[in-house]
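Source file: start_29.txt; contents: compact mmCIF, C-alpha atoms.
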```txt
# COMPACT_ATOMS: atom_id res chain seq x y z
CA MET A 1 0.00 0.00 0.00
CA SER A 2 2.86 2.37 0.77
CA TYR A 3 4.24 2.05 -2.77
CA ILE A 4 0.86 2.98 -4.23
CA ASN A 5 0.54 6.02 -1.96
CA ASP A 6 4.11 7.14 -2.71
CA LYS A 7 3.52 6.76 -6.45
CA GLY A 8 0.45 9.00 -6.27
CA LYS A 9 2.20 11.60 -4.10
CA ASN A 10 5.19 11.67 -6.43
CA TYR A 11 2.99 12.24 -9.48
CA GLU A 12 1.10 15.02 -7.66
CA ARG A 13 4.48 16.69 -6.93
CA PHE A 14 5.52 16.23 -10.57
CA VAL A 15 2.34 17.91 -11.81
CA ALA A 16 2.78 20.79 -9.35
CA ASP A 17 6.38 21.25 -10.56
CA GLU A 18 5.24 21.30 -14.20
CA ILE A 19 2.62 23.95 -13.40
CA ASN A 20 5.33 25.99 -11.65
CA LYS A 21 7.56 25.86 -14.72
CA TYR A 22 4.90 27.60 -16.78
CA PHE A 23 3.06 29.86 -14.34
CA LYS A 24 5.27 30.83 -11.41
CA ASP A 25 6.45 34.13 -12.91
CA LEU A 26 2.95 35.04 -14.02
CA CYS A 27 1.17 34.13 -10.80
CA GLY A 28 3.81 35.17 -8.26
CA SER A 29 3.22 32.10 -6.14
CA LYS A 30 4.21 28.47 -6.08
CA PHE A 31 2.02 25.47 -6.76
CA ARG A 32 2.50 22.44 -4.57
CA ARG A 33 0.97 19.12 -3.71
CA THR A 34 -1.75 19.48 -1.08
CA PRO A 35 -0.96 16.94 1.67
CA SER A 36 -3.99 14.88 2.69
CA GLN A 37 -3.83 16.14 6.28
CA GLU A 38 -4.24 19.72 4.98
CA ARG A 39 -7.10 19.01 2.56
CA TRP A 40 -9.72 19.05 5.30
CA LYS A 41 -8.86 22.71 6.04
CA TRP A 42 -10.04 23.83 2.62
CA VAL A 43 -13.17 22.65 0.92
CA ASN A 44 -12.52 21.09 -2.48
CA ARG A 45 -8.91 22.16 -2.88
CA GLY A 46 -7.86 19.34 -5.17
CA ASP A 47 -4.50 17.55 -5.28
CA THR A 48 -2.32 20.50 -6.33
CA ASN A 49 -2.83 24.11 -5.33
CA CYS A 50 -1.21 27.45 -4.89
CA GLU A 51 0.63 27.81 -1.58
CA LYS A 52 -1.59 30.73 -0.64
CA LYS A 53 -5.11 29.77 0.41
CA THR A 54 -6.41 32.54 -1.82
CA PHE A 55 -4.55 31.06 -4.81
CA CYS A 56 -2.63 33.43 -7.05
CA GLY A 57 -5.01 36.37 -7.16
CA GLU A 58 -8.39 36.74 -8.77
CA ASP A 59 -7.11 37.25 -12.31
CA CYS A 60 -5.04 34.02 -12.35
CA ILE A 61 -6.51 31.45 -14.74
CA LEU A 62 -5.42 28.64 -12.41
CA ASN A 63 -8.10 29.82 -9.95
CA GLU A 64 -10.73 28.63 -12.36
CA PHE A 65 -9.67 24.97 -12.19
CA HIS A 66 -10.00 22.17 -9.70
CA PHE A 67 -6.93 19.96 -10.24
CA GLU A 68 -7.15 16.24 -9.49
CA VAL A 69 -4.13 14.03 -10.16
CA THR A 70 -4.03 10.25 -10.40
CA ASP A 71 -1.33 7.68 -11.14
CA ARG A 72 -2.79 4.21 -11.18
CA LYS A 73 -1.81 0.78 -12.40
CA GLY A 74 -5.37 -0.10 -13.41
CA LEU A 75 -6.85 3.28 -14.22
CA GLN A 76 -10.61 3.68 -13.85
CA ILE A 77 -10.77 7.05 -15.59
CA ILE A 78 -14.57 7.42 -15.77
CA GLY A 79 -15.03 7.00 -12.02
CA LYS A 80 -12.16 9.36 -11.25
CA TRP A 81 -13.54 11.93 -13.71
CA LEU A 82 -17.01 11.79 -12.12
CA LYS A 83 -15.43 12.37 -8.68
CA THR A 84 -13.38 15.28 -10.04
CA GLN A 85 -16.52 16.91 -11.44
CA ASP A 86 -18.37 16.45 -8.14
CA ASP A 87 -15.50 17.91 -6.10
CA ALA A 88 -14.97 20.90 -8.40
CA GLU A 89 -18.18 22.68 -7.38
CA ASN A 90 -17.89 26.22 -8.85
CA ARG A 91 -14.53 25.63 -10.54
CA LYS A 92 -13.75 23.83 -13.79
CA PRO A 93 -12.78 20.18 -13.24
CA LEU A 94 -9.41 19.13 -14.62
CA LEU A 95 -8.11 15.58 -14.21
CA VAL A 96 -4.43 14.85 -14.84
CA TRP A 97 -3.96 11.10 -15.16
CA LYS A 98 -1.20 8.63 -15.73
CA LYS A 99 -1.38 4.90 -16.13
CA THR A 100 1.84 3.62 -14.61
CA GLY A 101 4.43 2.98 -17.28
CA LYS A 102 2.03 3.46 -20.18
CA ALA A 103 0.23 6.70 -21.01
CA GLU A 104 -0.73 10.02 -19.50
CA GLY A 105 -3.17 12.78 -20.30
CA VAL A 106 -5.60 15.43 -19.16
CA VAL A 107 -9.39 15.29 -19.06
CA ILE A 108 -11.32 18.55 -19.30
CA LYS A 109 -14.86 19.36 -20.36
CA LEU A 110 -15.15 20.24 -24.03
CA LYS A 111 -16.74 23.63 -23.35
CA ASP A 112 -13.88 24.51 -20.94
CA LEU A 113 -11.28 23.55 -23.53
CA LEU A 114 -13.03 25.54 -26.26
CA SER A 115 -13.31 28.54 -23.96
CA LEU A 116 -9.56 28.43 -23.28
CA LEU A 117 -8.74 28.09 -26.96
CA TYR A 118 -11.04 30.99 -27.77
CA GLU A 119 -9.27 33.20 -25.20
CA VAL A 120 -5.88 32.29 -26.67
CA MET A 121 -7.02 33.03 -30.23
CA GLU A 122 -8.61 36.30 -29.14
CA SER A 123 -5.44 37.44 -27.35
CA ARG A 124 -3.32 36.57 -30.39
CA LYS A 125 -5.50 38.74 -32.60
CA THR A 126 -5.03 41.76 -30.34
CA THR A 127 -1.23 41.46 -30.19
```
Rewrite the structure from the file as structure tokens, please.
Amino acid sequence: MSYINDKGKNYERFVADEINKYFKDLCGSKFRRTPSQERWKWVNRGDTNCEKKTFCGEDCILNEFHFEVTDRKGLQIIGKWLKTQDDAENRKPLLVWKKTGKAEGVVIKLKDLLSLLYEVMESRKTT
């Protein structure tokens, strides 16, 4: 059981580090894995979050998402996705998954993806 827990924790840290690579300078704060003993303090925080309870400020796009991270040998992605959607409440659910040694990916609602792509295209037109 310890190996399974460590594997999940390590992947959560990896995802937080990847987010930091892209957003730290823009957000002014650091993303990190939310330890399970701290999750009860904040309702629906997800597996990775900004170090500040208030996240990175209201204009940070990362505020809009509820990050769940999973690294499983036998991945049950539909069940995990349903849980991510339930936990997200007023934020957009985003599931980062990895099947040990095989594949990895991200699950996001189609409308959320299209909205992000629209914002990117719109900002490129104005620059």
Neighbours of point (-2.0, 11.4, -10.4) within 6 Å, using only C-alpha atoms, written as a ChimeraX atom specification: /A:8,11-12,69-71,97
For A:Ile61, the nearest of the candidates A:Leu26, A:Ile77, A:Val15, A:Leu110, counting all atoms listed in the file: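 The closest residue to A:Ile61 is A:Leu26.
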One-decimal distance in Å that lies between atom CA of A:Phe65 and atom CA of A:Asn20: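 According to the coordinates, atom CA of A:Asn20 and atom CA of A:Phe65 are separated by 15.0 Å.
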Atom pair atom CA of A:Glu119 / atom CA of A:Phe14: separation (Å):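 Atom CA of A:Phe14 lies at a distance of 26.8 Å from atom CA of A:Glu119.
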Closest of A:Val96, A:Ile19, A:Leu116, A:Ile78 to A:Glu64 - atom-to-atom distances counting only C-alpha atoms: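 Among the listed residues, the smallest separation from A:Glu64 belongs to A:Leu116.
Atom CA of A:Phe67 sits 16.4 Å away from atom CA of A:Lys24.
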All residues 8 Å or closer to A:Lys99, only C-alpha atoms, same chain fewer than 6 positions away omitted, as a list in words: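 Those residues are Asp71, Arg72, Lys73, Gly74 and Leu75 of chain A.
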